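Raw input.cif, mmCIF, C-alpha atoms:
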data_run
#
loop_
_atom_site.label_atom_id
_atom_site.label_comp_id
_atom_site.auth_asym_id
_atom_site.auth_seq_id
_atom_site.Cartn_x
_atom_site.Cartn_y
_atom_site.Cartn_z
CA MET A 1 -10.90 34.51 3.08
CA ILE A 2 -7.63 32.64 2.57
CA SER A 3 -4.65 34.98 2.86
CA LYS A 4 -2.58 35.33 -0.32
CA ASN A 5 0.54 36.33 1.61
CA HIS A 6 0.13 33.36 3.93
CA ILE A 7 -0.07 30.94 0.99
CA ILE A 8 2.98 32.52 -0.69
CA LYS A 9 5.05 32.38 2.48
CA ARG A 10 4.15 28.75 3.15
CA PHE A 11 4.77 27.66 -0.43
CA ILE A 12 8.15 29.37 -0.64
CA SER A 13 9.19 27.81 2.68
CA TYR A 14 8.59 24.39 1.07
CA VAL A 15 10.16 24.90 -2.36
CA THR A 16 13.39 26.35 -0.97
CA ILE A 17 14.08 23.00 0.72
CA ASP A 18 15.73 20.61 -1.74
CA THR A 19 13.86 17.27 -1.85
CA GLN A 20 14.96 15.80 -5.17
CA SER A 21 14.53 12.03 -5.30
CA ASP A 22 17.02 9.54 -6.78
CA PRO A 23 15.94 6.57 -8.95
CA ASN A 24 19.31 4.87 -8.43
CA SER A 25 18.90 4.64 -4.67
CA GLN A 26 17.24 1.62 -3.05
CA GLU A 27 16.52 3.47 0.21
CA THR A 28 13.19 4.99 1.26
CA PRO A 29 13.19 7.90 1.01
CA SER A 30 15.67 7.68 -1.83
CA THR A 31 17.56 10.78 -0.63
CA LYS A 32 18.30 11.86 2.92
CA LYS A 33 17.46 15.48 2.12
CA GLN A 34 13.78 14.58 1.78
CA TRP A 35 13.77 14.20 5.56
CA ASP A 36 14.42 17.95 5.92
CA LEU A 37 11.00 18.91 4.61
CA ALA A 38 9.29 15.80 5.98
CA ASN A 39 10.28 16.58 9.55
CA ALA A 40 9.33 20.23 9.12
CA LEU A 41 5.91 19.21 7.82
CA VAL A 42 5.16 16.98 10.80
CA LYS A 43 6.04 19.85 13.13
CA GLU A 44 3.82 22.23 11.16
CA LEU A 45 0.85 19.83 11.14
CA LYS A 46 1.04 19.64 14.92
CA GLU A 47 1.37 23.41 15.25
CA ILE A 48 -1.76 24.15 13.21
CA GLY A 49 -3.75 21.76 15.39
CA LEU A 50 -4.02 18.43 13.56
CA GLU A 51 -4.11 15.27 15.68
CA ASP A 52 -2.19 11.99 15.34
CA ALA A 53 0.55 13.64 13.28
CA THR A 54 3.08 10.86 12.66
CA ILE A 55 6.06 10.09 10.46
CA ASP A 56 7.27 6.52 9.98
CA GLU A 57 10.70 5.08 9.28
CA ASN A 58 10.25 5.67 5.55
CA ALA A 59 9.16 9.33 5.92
CA TYR A 60 5.46 8.72 5.21
CA ILE A 61 3.45 11.39 7.04
CA MET A 62 -0.13 11.07 8.27
CA ALA A 63 -2.37 13.29 10.40
CA THR A 64 -6.04 13.75 11.29
CA LEU A 65 -8.51 16.60 11.41
CA PRO A 66 -11.28 15.19 13.65
CA SER A 67 -14.94 15.41 12.68
CA ASN A 68 -16.98 18.31 14.04
CA VAL A 69 -20.40 16.72 13.41
CA ASP A 70 -22.38 14.32 15.61
CA TYR A 71 -23.41 11.86 12.87
CA ASP A 72 -21.51 9.34 10.76
CA VAL A 73 -19.60 10.82 7.84
CA PRO A 74 -17.19 9.00 5.49
CA THR A 75 -13.55 9.53 6.36
CA ILE A 76 -11.84 11.18 3.40
CA GLY A 77 -8.17 11.85 2.72
CA PHE A 78 -5.98 14.31 0.84
CA ILE A 79 -2.54 13.21 -0.34
CA SER A 80 0.50 14.89 -1.93
CA HIS A 81 4.21 14.10 -2.34
CA PHE A 82 7.11 16.19 -1.12
CA ASP A 83 9.91 14.94 -3.39
CA THR A 84 10.79 16.72 -6.61
CA SER A 85 11.84 15.28 -9.95
CA PRO A 86 15.38 14.04 -10.61
CA ASP A 87 15.02 15.42 -14.16
CA PHE A 88 16.17 18.91 -13.18
CA SER A 89 17.96 20.55 -10.27
CA GLY A 90 15.98 21.37 -7.14
CA THR A 91 18.94 22.89 -5.31
CA ASN A 92 18.89 26.58 -4.35
CA VAL A 93 15.41 27.24 -5.68
CA ASN A 94 14.94 30.99 -5.88
CA PRO A 95 11.27 31.77 -6.64
CA GLN A 96 10.23 34.98 -8.37
CA ILE A 97 6.83 36.56 -7.76
CA ILE A 98 5.23 38.27 -10.75
CA GLU A 99 2.26 40.35 -9.64
CA ASN A 100 -0.51 41.36 -12.05
CA TYR A 101 1.00 39.39 -14.93
CA ASN A 102 0.70 41.45 -18.13
CA GLY A 103 0.56 38.60 -20.66
CA LYS A 104 4.06 39.28 -22.01
CA GLU A 105 7.41 37.51 -21.77
CA ILE A 106 8.82 36.95 -18.30
CA VAL A 107 12.60 37.17 -18.04
CA LEU A 108 13.56 34.39 -15.66
CA ASN A 109 17.30 34.89 -15.95
CA LYS A 110 18.71 37.90 -17.73
CA GLU A 111 22.34 36.73 -17.65
CA GLN A 112 21.52 33.41 -19.29
CA ASP A 113 18.76 34.83 -21.51
CA ILE A 114 16.13 32.43 -20.16
CA VAL A 115 12.63 33.65 -20.95
CA LEU A 116 9.18 32.27 -20.10
CA SER A 117 7.13 33.28 -23.12
CA PRO A 118 3.41 32.94 -23.94
CA ASP A 119 4.45 32.51 -27.57
CA TYR A 120 5.66 29.04 -26.60
CA PHE A 121 3.75 28.37 -23.37
CA GLU A 122 0.29 29.53 -24.40
CA ASP A 123 -1.31 28.58 -21.06
CA LEU A 124 0.34 31.65 -19.55
CA LEU A 125 -2.36 33.78 -21.14
CA LEU A 126 -4.98 32.04 -18.98
CA TYR A 127 -3.51 33.87 -16.01
CA LYS A 128 -3.21 37.44 -17.25
CA GLY A 129 -3.76 39.81 -14.33
CA GLN A 130 -2.91 37.15 -11.76
CA THR A 131 0.11 36.60 -9.52
CA LEU A 132 2.58 34.04 -10.87
CA ILE A 133 5.34 32.29 -8.94
CA THR A 134 8.19 31.26 -11.26
CA THR A 135 11.73 29.95 -11.10
CA ASP A 136 14.85 32.05 -11.67
CA GLY A 137 15.62 29.91 -14.72
CA THR A 138 18.29 27.74 -13.09
CA THR A 139 16.16 25.18 -11.22
CA LEU A 140 12.72 23.68 -11.23
CA LEU A 141 10.17 25.30 -8.91
CA GLY A 142 8.76 22.31 -7.05
CA ALA A 143 5.07 23.12 -7.44
CA ASP A 144 4.93 19.42 -8.32
CA ASP A 145 3.92 18.70 -5.68
CA LYS A 146 4.69 21.24 -2.96
CA ALA A 147 1.78 23.29 -4.25
CA GLY A 148 -0.44 20.33 -3.34
CA ILE A 149 1.08 20.11 0.12
CA CYS A 150 0.65 23.84 0.64
CA GLU A 151 -2.99 23.61 -0.37
CA ILE A 152 -3.75 20.68 1.92
CA VAL A 153 -2.04 22.24 4.95
CA SER A 154 -3.70 25.59 4.28
CA ALA A 155 -7.12 23.97 3.90
CA MET A 156 -6.75 22.07 7.18
CA GLU A 157 -5.67 25.26 8.92
CA TYR A 158 -8.66 27.12 7.47
CA LEU A 159 -11.12 24.43 8.58
CA ILE A 160 -9.67 24.49 12.09
CA GLN A 161 -10.06 28.26 12.21
CA HIS A 162 -13.62 28.08 10.84
CA PRO A 163 -15.51 25.43 12.84
CA GLU A 164 -18.77 26.65 11.30
CA ILE A 165 -17.76 24.62 8.22
CA LYS A 166 -18.99 21.13 9.06
CA HIS A 167 -16.89 18.11 8.07
CA GLY A 168 -16.16 14.54 9.01
CA ASN A 169 -12.80 13.00 9.84
CA ILE A 170 -10.17 14.10 7.35
CA ARG A 171 -6.88 12.28 6.91
CA VAL A 172 -3.79 13.94 5.48
CA GLY A 173 -0.96 12.00 3.86
CA PHE A 174 2.39 13.15 2.46
CA THR A 175 4.73 10.75 0.67
CA PRO A 176 8.34 10.58 -0.55
CA ASP A 177 9.62 9.33 -3.91
CA GLU A 178 6.52 9.79 -6.06
CA GLU A 179 8.64 11.19 -8.88
CA ILE A 180 10.52 7.91 -9.19
CA GLY A 181 7.34 5.82 -9.12
CA ARG A 182 7.52 4.67 -5.50
CA GLY A 183 5.28 7.13 -3.71
CA ALA A 184 2.61 4.57 -2.86
CA HIS A 185 4.86 1.54 -2.42
CA LYS A 186 5.06 1.75 1.36
CA PHE A 187 1.87 3.70 1.99
CA ASP A 188 -0.10 2.01 4.78
CA VAL A 189 -3.68 2.18 3.47
CA LYS A 190 -5.08 0.40 6.53
CA LYS A 191 -3.40 2.85 8.90
CA PHE A 192 -4.60 5.79 6.80
CA GLY A 193 -8.13 4.56 7.35
CA ALA A 194 -9.98 6.65 4.78
CA ASP A 195 -12.98 5.53 2.74
CA TRP A 196 -11.52 7.35 -0.24
CA ALA A 197 -8.99 10.09 -0.92
CA TYR A 198 -7.84 12.68 -3.45
CA THR A 199 -4.31 13.36 -4.61
CA MET A 200 -3.70 17.08 -5.06
CA ASP A 201 -1.21 16.60 -7.87
CA GLY A 202 -2.78 17.84 -11.10
CA SER A 203 -1.82 20.84 -13.18
CA GLN A 204 -4.19 23.44 -14.66
CA ILE A 205 -7.01 24.86 -12.55
CA GLY A 206 -10.11 22.70 -12.89
CA GLU A 207 -8.37 19.41 -13.67
CA LEU A 208 -10.17 16.39 -12.23
CA GLU A 209 -8.80 13.03 -13.27
CA TYR A 210 -9.77 9.46 -12.54
CA GLU A 211 -8.26 7.76 -15.58
CA ASN A 212 -4.59 7.19 -16.26
CA PHE A 213 -2.35 5.00 -18.37
CA ASN A 214 -1.79 1.32 -17.86
CA ALA A 215 1.98 1.17 -17.69
CA ALA A 216 4.80 -1.30 -18.20
CA GLY A 217 8.55 -1.12 -18.62
CA ALA A 218 10.46 -3.28 -21.10
CA VAL A 219 14.16 -4.08 -21.21
CA VAL A 220 15.31 -5.49 -24.55
CA LYS A 221 18.76 -7.09 -24.51
CA VAL A 222 20.31 -7.78 -27.90
CA LYS A 223 23.27 -10.16 -28.03
CA GLY A 224 25.99 -9.96 -30.66
CA LYS A 225 29.47 -11.38 -31.28
CA ILE A 226 32.62 -9.30 -31.42
CA VAL A 227 35.62 -10.38 -33.50
CA HIS A 228 38.42 -8.44 -35.12
CA PRO A 229 36.77 -6.27 -37.81
CA GLY A 230 39.46 -7.13 -40.32
CA TYR A 231 38.51 -10.82 -40.15
CA ALA A 232 34.82 -10.45 -39.32
CA LYS A 233 33.16 -11.79 -42.47
CA GLY A 234 30.65 -14.45 -41.56
CA LYS A 235 31.61 -14.26 -37.90
CA MET A 236 30.76 -10.85 -36.39
CA ILE A 237 27.19 -10.17 -35.28
CA ASN A 238 26.68 -6.49 -34.50
CA SER A 239 24.00 -6.21 -31.81
CA MET A 240 23.40 -2.56 -32.68
CA TYR A 241 22.14 -3.43 -36.16
CA ILE A 242 19.74 -6.02 -34.76
CA ALA A 243 18.57 -3.48 -32.19
CA GLN A 244 17.93 -1.07 -35.05
CA GLU A 245 15.74 -3.70 -36.72
CA PHE A 246 13.77 -4.09 -33.50
CA ILE A 247 13.30 -0.33 -33.16
CA ASN A 248 12.22 0.13 -36.78
CA SER A 249 9.75 -2.77 -36.59
CA LEU A 250 7.62 -1.03 -33.96
CA PRO A 251 4.93 1.43 -35.19
CA ARG A 252 6.83 4.67 -35.79
CA LEU A 253 3.82 6.93 -35.23
CA GLU A 254 2.85 5.26 -31.95
CA THR A 255 5.39 7.22 -29.94
CA PRO A 256 4.90 10.08 -27.44
CA GLU A 257 5.69 12.80 -29.96
CA HIS A 258 2.92 11.58 -32.28
CA THR A 259 0.13 10.75 -29.82
CA GLU A 260 -2.36 12.56 -27.61
CA GLY A 261 -5.58 12.05 -25.66
CA TYR A 262 -6.38 8.36 -25.27
CA GLU A 263 -3.73 7.23 -27.76
CA GLY A 264 -1.12 4.89 -26.32
CA PHE A 265 2.52 4.51 -27.28
CA PHE A 266 5.86 2.71 -27.17
CA HIS A 267 8.59 5.02 -25.87
CA LEU A 268 12.26 4.18 -26.32
CA HIS A 269 13.94 6.25 -23.61
CA SER A 270 17.40 4.69 -23.37
CA ILE A 271 19.92 2.96 -25.64
CA LYS A 272 23.28 1.58 -24.54
CA GLY A 273 25.06 -0.24 -27.30
CA GLU A 274 28.25 -1.97 -28.34
CA VAL A 275 28.86 -4.75 -30.86
CA GLU A 276 28.63 -7.45 -28.19
CA GLU A 277 25.44 -6.20 -26.53
CA THR A 278 22.85 -3.46 -26.92
CA VAL A 279 20.21 -2.70 -24.32
CA LEU A 280 17.01 -0.86 -25.19
CA GLU A 281 14.72 0.44 -22.47
CA TYR A 282 11.09 1.15 -23.31
CA ILE A 283 7.99 2.26 -21.50
CA ILE A 284 4.64 1.00 -22.78
CA ARG A 285 1.50 3.05 -22.15
CA ASP A 286 -2.20 2.76 -23.01
CA HIS A 287 -5.48 3.73 -21.33
CA SER A 288 -7.26 0.66 -22.69
CA ARG A 289 -6.32 -2.51 -20.82
CA ASP A 290 -6.92 -4.59 -23.98
CA HIS A 291 -4.69 -2.32 -26.07
CA PHE A 292 -2.10 -2.32 -23.29
CA GLU A 293 -1.94 -6.13 -23.31
CA ALA A 294 -1.79 -6.07 -27.11
CA ARG A 295 1.19 -3.69 -27.06
CA LYS A 296 3.11 -6.03 -24.78
CA GLU A 297 2.28 -8.93 -27.09
CA VAL A 298 3.59 -6.96 -30.09
CA MET A 299 7.00 -6.73 -28.40
CA ARG A 300 6.99 -10.42 -27.47
CA LYS A 301 6.07 -11.51 -31.01
CA LEU A 302 8.69 -9.24 -32.54
CA THR A 303 11.28 -10.80 -30.25
CA LYS A 304 10.28 -14.30 -31.38
CA GLU A 305 10.31 -13.30 -35.06
CA LEU A 306 13.80 -11.81 -34.94
CA ASN A 307 15.15 -14.77 -32.97
CA SER A 308 13.63 -17.07 -35.58
CA GLN A 309 15.11 -14.97 -38.39
CA TYR A 310 18.62 -15.22 -36.90
CA GLY A 311 18.22 -18.87 -35.95
CA ARG A 312 19.11 -18.37 -32.32
CA GLU A 313 18.22 -16.27 -29.29
CA VAL A 314 19.70 -12.90 -30.14
CA ILE A 315 17.06 -10.92 -28.23
CA ILE A 316 15.76 -11.30 -24.69
CA THR A 317 12.80 -9.06 -23.79
CA GLU A 318 11.66 -8.63 -20.20
CA ILE A 319 8.40 -6.74 -19.59
CA LYS A 320 7.19 -5.71 -16.14
CA ASP A 321 3.88 -4.04 -15.36
CA GLN A 322 4.23 -0.81 -13.38
CA TYR A 323 0.69 0.41 -12.67
CA TYR A 324 -2.84 0.26 -14.04
CA ASN A 325 -5.68 2.58 -14.99
CA MET A 326 -7.44 3.68 -11.80
CA LYS A 327 -10.72 4.02 -13.73
CA GLU A 328 -11.41 0.34 -13.07
CA LYS A 329 -11.38 0.97 -9.31
CA VAL A 330 -12.93 4.45 -9.22
CA GLU A 331 -15.92 3.96 -11.53
CA PRO A 332 -17.74 1.68 -9.02
CA VAL A 333 -17.57 4.57 -6.52
CA LYS A 334 -18.04 7.36 -9.07
CA HIS A 335 -19.78 9.54 -6.46
CA ILE A 336 -16.35 10.50 -5.12
CA VAL A 337 -15.60 12.15 -8.48
CA ASP A 338 -19.07 13.71 -8.53
CA ILE A 339 -18.43 15.35 -5.14
CA ALA A 340 -15.20 16.92 -6.41
CA GLU A 341 -16.92 18.08 -9.58
CA LYS A 342 -19.75 19.64 -7.58
CA ALA A 343 -17.24 21.35 -5.28
CA MET A 344 -15.57 23.00 -8.25
CA LYS A 345 -18.84 24.13 -9.79
CA GLU A 346 -19.99 25.69 -6.52
CA LEU A 347 -16.73 27.66 -6.50
CA ASN A 348 -17.26 28.78 -10.12
CA ILE A 349 -14.43 26.59 -11.40
CA LYS A 350 -15.01 24.83 -14.71
CA PRO A 351 -14.18 21.14 -14.17
CA LEU A 352 -11.76 19.72 -16.74
CA ILE A 353 -12.42 16.00 -16.50
CA LYS A 354 -9.85 14.18 -18.57
CA ALA A 355 -7.51 11.22 -18.62
CA ILE A 356 -3.98 11.57 -17.29
CA ARG A 357 -1.32 10.85 -19.88
CA GLY A 358 0.89 9.50 -17.16
CA GLY A 359 0.63 7.93 -13.74
CA THR A 360 -0.17 9.03 -10.23
CA ASP A 361 0.09 7.72 -6.70
CA GLY A 362 -3.69 7.66 -6.88
CA SER A 363 -3.54 4.82 -9.41
CA GLN A 364 -1.51 2.56 -7.17
CA LEU A 365 -3.49 3.56 -4.09
CA SER A 366 -6.75 2.77 -5.88
CA TYR A 367 -5.51 -0.77 -6.52
CA MET A 368 -4.40 -0.98 -2.88
CA GLY A 369 -8.00 -0.39 -1.75
CA LEU A 370 -8.06 3.41 -1.49
CA PRO A 371 -9.99 4.93 -4.43
CA CYS A 372 -8.13 8.11 -5.21
CA PRO A 373 -8.93 10.56 -8.06
CA ASN A 374 -6.55 13.41 -8.82
CA ILE A 375 -7.31 17.14 -8.46
CA PHE A 376 -5.44 20.16 -9.82
CA ALA A 377 -2.70 21.75 -7.75
CA GLY A 378 -2.26 24.62 -10.21
CA GLY A 379 1.27 24.34 -11.54
CA HIS A 380 2.47 24.23 -15.15
CA ASN A 381 5.61 23.05 -17.00
CA PHE A 382 6.66 20.62 -14.29
CA HIS A 383 10.18 19.16 -14.01
CA GLY A 384 12.07 22.05 -15.54
CA ARG A 385 13.22 25.64 -15.48
CA TYR A 386 9.97 26.98 -16.99
CA GLU A 387 7.77 25.71 -14.17
CA TYR A 388 5.32 28.20 -12.66
CA VAL A 389 2.17 28.29 -10.55
CA PRO A 390 -0.53 30.98 -10.37
CA LEU A 391 -1.24 32.01 -6.79
CA GLU A 392 -4.96 32.24 -7.52
CA SER A 393 -5.01 28.59 -8.65
CA MET A 394 -3.44 27.52 -5.36
CA ILE A 395 -6.07 29.45 -3.44
CA LYS A 396 -8.84 27.88 -5.51
CA ALA A 397 -7.40 24.39 -4.90
CA THR A 398 -7.39 25.12 -1.17
CA GLU A 399 -11.03 26.16 -1.39
CA VAL A 400 -11.89 22.99 -3.32
CA ILE A 401 -10.47 20.87 -0.50
CA CYS A 402 -12.60 22.71 2.05
CA LYS A 403 -15.70 22.45 -0.15
CA ILE A 404 -15.22 18.69 -0.70
CA ALA A 405 -15.01 18.24 3.08
CA GLU A 406 -18.17 20.29 3.52
CA LEU A 407 -20.13 18.45 0.81
CA THR A 408 -19.08 15.04 2.12
CA ALA A 409 -20.51 15.94 5.52
CA GLN A 410 -23.96 16.72 4.14
CA LYS A 411 -26.42 14.20 5.54
CA LYS A 412 -27.60 13.00 2.15
CA ILE A 413 -24.03 11.90 1.38
CA ALA A 414 -22.99 10.82 4.86
CA LYS A 415 -23.53 7.23 5.89
#
Taking this structure as input, can you express it in the form of structure tokens?
Amino acid sequence: MISKNHIIKRFISYVTIDTQSDPNSQETPSTKKQWDLANALVKELKEIGLEDATIDENAYIMATLPSNVDYDVPTIGFISHFDTSPDFSGTNVNPQIIENYNGKEIVLNKEQDIVLSPDYFEDLLLYKGQTLITTDGTTLLGADDKAGICEIVSAMEYLIQHPEIKHGNIRVGFTPDEEIGRGAHKFDVKKFGADWAYTMDGSQIGELEYENFNAAGAVVKVKGKIVHPGYAKGKMINSMYIAQEFINSLPRLETPEHTEGYEGFFHLHSIKGEVEETVLEYIIRDHSRDHFEARKEVMRKLTKELNSQYGREVIITEIKDQYYNMKEKVEPVKHIVDIAEKAMKELNIKPLIKAIRGGTDGSQLSYMGLPCPNIFAGGHNFHGRYEYVPLESMIKATEVICKIAELTAQKKIAK
């Protein structure tokens, strides 16, 4: 039986170390403070008995739990990231533990009147009677993805302490800078040496994901001409008005606030404008590769049309692909999803197999040759003050890791 107090203690020891990443930094990791937890994790992995625990010059951590069977078994991996989002403060995290949650409002911060309410966050009611770990209302919690790290370390420790559970070689990997889209950029897949892996980076208990968005970023630069406004007739070109035309020409209902499920979108997330130049920054998302390519073409055609309308190049649009739907790489080895699904069912967890409306290190890793579905870590309301994680979900995730290792070692699955 996995100790609740042990999980709580380990998790809190992680989240109270600030590891916020920085998208404006070109270093890896993007912030020096990520090293604080990274170095502590390497030490802990060695202390619990893992072998080959290493950390490279970019703070990527790897370790091995050796096989305890005498026949060939696929080498599997479990991966999580230790940075937290730059969207909200991760400094001085002060977790609160709510035992036997009663289904009512939770006062996170009385002085600032910050309340975590099931009236707004309905998922809270899924965990009535359970133990919740919340913020104090002034920071994020860091369950994304320190819950995943806690679960992986705890599972490895449990397997070491229970050699009667048979398993093959298991590789563990922890990465920096996932929250700024770089978690897999310097991940050495060859060194990791796994046949496949799982990221422990999902949310609600039961989540099992092997589809995600195809993703691109677009920078739209609109060029104008500034002259004295008193003498501007026929001379001034206000880039902000042209930018407004561009914005209004895209499908208004194909935006994040109007889409769900498999529906893609254009998302304008930044505008910086003056008469002389306006810069629009978009992200483009779609699960369908054909629809994804079509969305990019819509922006290119709109650029050409407006340039033609104005008789010169007033708009320059640069589009760069960011990542692709892992489904293309995982479906040929669908048994790795089936194993995770079976593990959940054997633990009386209802699998929630769905597409991610976002990205994951697993997507990039899958295209780097390491098929990598995503499994729940248990947290909710990531990247903000209302983040929380049920303790029971973390324990279940830990058990899922152990069960996947056990199922993979069964002779009918082993090589």
For this file, the PyMOL selection byres ((chain A and resi 384) around 10) selects which residues, as a ChimeraX atom specification?
/A:85-90,135,137-142,380-383,385-388
Just checking: using all atoms listed in the file, which residue out of A:Asn348, A:Ser366, A:Ser80, A:Ser270 ends up closest to Met326 (chain A)?
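Nearest to Met326 (chain A): A:Ser366.
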I need the residue set behind the PyMOL selection byres ((chain A and resi 144-160) around 8) for this file; please write it as a PyMOL selection string.
chain A and resi 2+7+10-11+14-15+45+48-50+65+78-84+141-143+161-163+165+172+174+200-201+377-379+382-383+394-395+397-399+401-402
Quick one: of A:Val220, A:Val333, A:Ile114, A:Ile97, who's nearest to Leu391 (chain A), counting all atoms listed in the file?
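Counting all atoms listed in the file, the residue closest to Leu391 (chain A) is A:Ile97.
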Which residues of region 386-406 of chain A have any atom within 9 Å of an atom in region 166-170 of chain A when counting only C-alpha atoms, and what is the closest pair of atoms for each, with the distance in Å to one decimal? Order the rows by chain and rising number and write it as a tab-separated table.
residue	atom	partner	partner_atom	distance
A:Cys402	CA	A:His167	CA	8.7
A:Ile404	CA	A:His167	CA	8.9
A:Ala405	CA	A:His167	CA	5.3
A:Glu406	CA	A:His167	CA	5.2
Could you save those same residues with C-alpha atoms as a short mmCIF file (atom, residue, chain, number, x, y, z; two decimals), keeping the file's coordinate frame?
data_model
loop_
_atom_site.label_atom_id
_atom_site.label_comp_id
_atom_site.auth_asym_id
_atom_site.auth_seq_id
_atom_site.Cartn_x
_atom_site.Cartn_y
_atom_site.Cartn_z
CA CYS A 402 -12.60 22.71 2.05
CA ILE A 404 -15.22 18.69 -0.70
CA ALA A 405 -15.01 18.24 3.08
CA GLU A 406 -18.17 20.29 3.52
#
Please list as a PDB file with C-alpha atoms, in the coordinates of the input every residue within 7 Å of Asn212 (chain A), counting only C-alpha atoms and excluding residues in the same chain fewer than 4 positions away.
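Output below, filename part-v6.pdb:
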ATOM      1  CA  HIS A 287      -5.480   3.730 -21.330  1.00  0.00           C
ATOM      2  CA  ASN A 325      -5.680   2.580 -14.990  1.00  0.00           C
ATOM      3  CA  MET A 326      -7.440   3.680 -11.800  1.00  0.00           C
ATOM      4  CA  ALA A 355      -7.510  11.220 -18.620  1.00  0.00           C
ATOM      5  CA  ILE A 356      -3.980  11.570 -17.290  1.00  0.00           C
ATOM      6  CA  ARG A 357      -1.320  10.850 -19.880  1.00  0.00           C
ATOM      7  CA  GLY A 358       0.890   9.500 -17.160  1.00  0.00           C
ATOM      8  CA  GLY A 359       0.630   7.930 -13.740  1.00  0.00           C
TER       9      GLY A 359
END
Please expand the PyMOL selection byres ((chain A and resi 306) around 12) into the concrete residues it hits in this file, giving the result as an NGL selection string.
:A and (222-223 or 241-247 or 249 or 299-305 or 307-317)
May I have the residues at most 10 Å from (-0.3, 12.4, 8.6) in the file's coordinates, counting only C-alpha atoms, as JSON, numbers by chain?
{"A": [41, 42, 45, 46, 50, 51, 52, 53, 54, 55, 56, 60, 61, 62, 63, 64, 65, 77, 78, 79, 171, 172, 173, 174, 175, 192]}
Find, counting all atoms listed in the file, the residue in A:Pro390, A:Gly206, A:Pro371, A:Pro29 that gets nearest to Gly193 (chain A).
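Residue with the minimum atom-to-atom distance to Gly193 (chain A): A:Pro371.
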Name the residues in contact with Val227 (chain A) at a cut-off of 10 Å, using only C-alpha atoms, excluding same-chain residues fewer than 6 positions from it; report them as a ChimeraX atom specification.
/A:233,235-238,275-276
For CA of Glu281 (chain A) and CA of His269 (chain A), the interatomic separation in Å (one decimal):
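That distance, rounded to one decimal, is 6.0 Å.
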So what do you get for CA of Leu370 (chain A) versus CA of Val389 (chain A), distance-wise?
28.4 Å
Excluding Leu124 (chain A) and any residue of its chain fewer than 5 positions from it, enumerate the residues within 9 Å of it, using only C-alpha atoms, and give them as a list in words.
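After dropping sequence-adjacent residues, the list is Gly103, Lys104, Leu116, Ser117, Pro118 and His380 of chain A.
Interatomic distance, CA of Tyr262 (chain A) against CA of Ser363 (chain A): 16.5 Å.
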What are the centre and edge lengths in Å, to one decimal, of the axis-aligned box around all listed atoms of region 242-247 of chain A with 3 Å added on each side, as AutoDock Vina command-line options?
--center_x 16.5 --center_y -3.2 --center_z -34.5 --size_x 12.4 --size_y 11.7 --size_z 10.5
Shortest contact to Glu211 (chain A), candidates A:Tyr231, A:Phe187, A:Phe265, A:Tyr324, atoms counted all atoms listed in the file, goes to A:Tyr324
Which residue out of A:Leu347, A:Glu164, A:Val69, A:Gly129 has the minimum interatomic distance to Lys403 (chain A) when all atoms listed in the file are used?
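Of A:Leu347, A:Glu164, A:Val69, A:Gly129, the one nearest Lys403 (chain A), counting all atoms listed in the file, is A:Leu347.
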In the coordinate frame of the file, compute which residues have an atom within 7 Å of (4.2, 35.8, -10.4) when using all atoms listed in the file, and state them as JSON, numbers by chain.
{"A": [96, 97, 98, 99, 101, 131, 132, 133, 134, 390]}
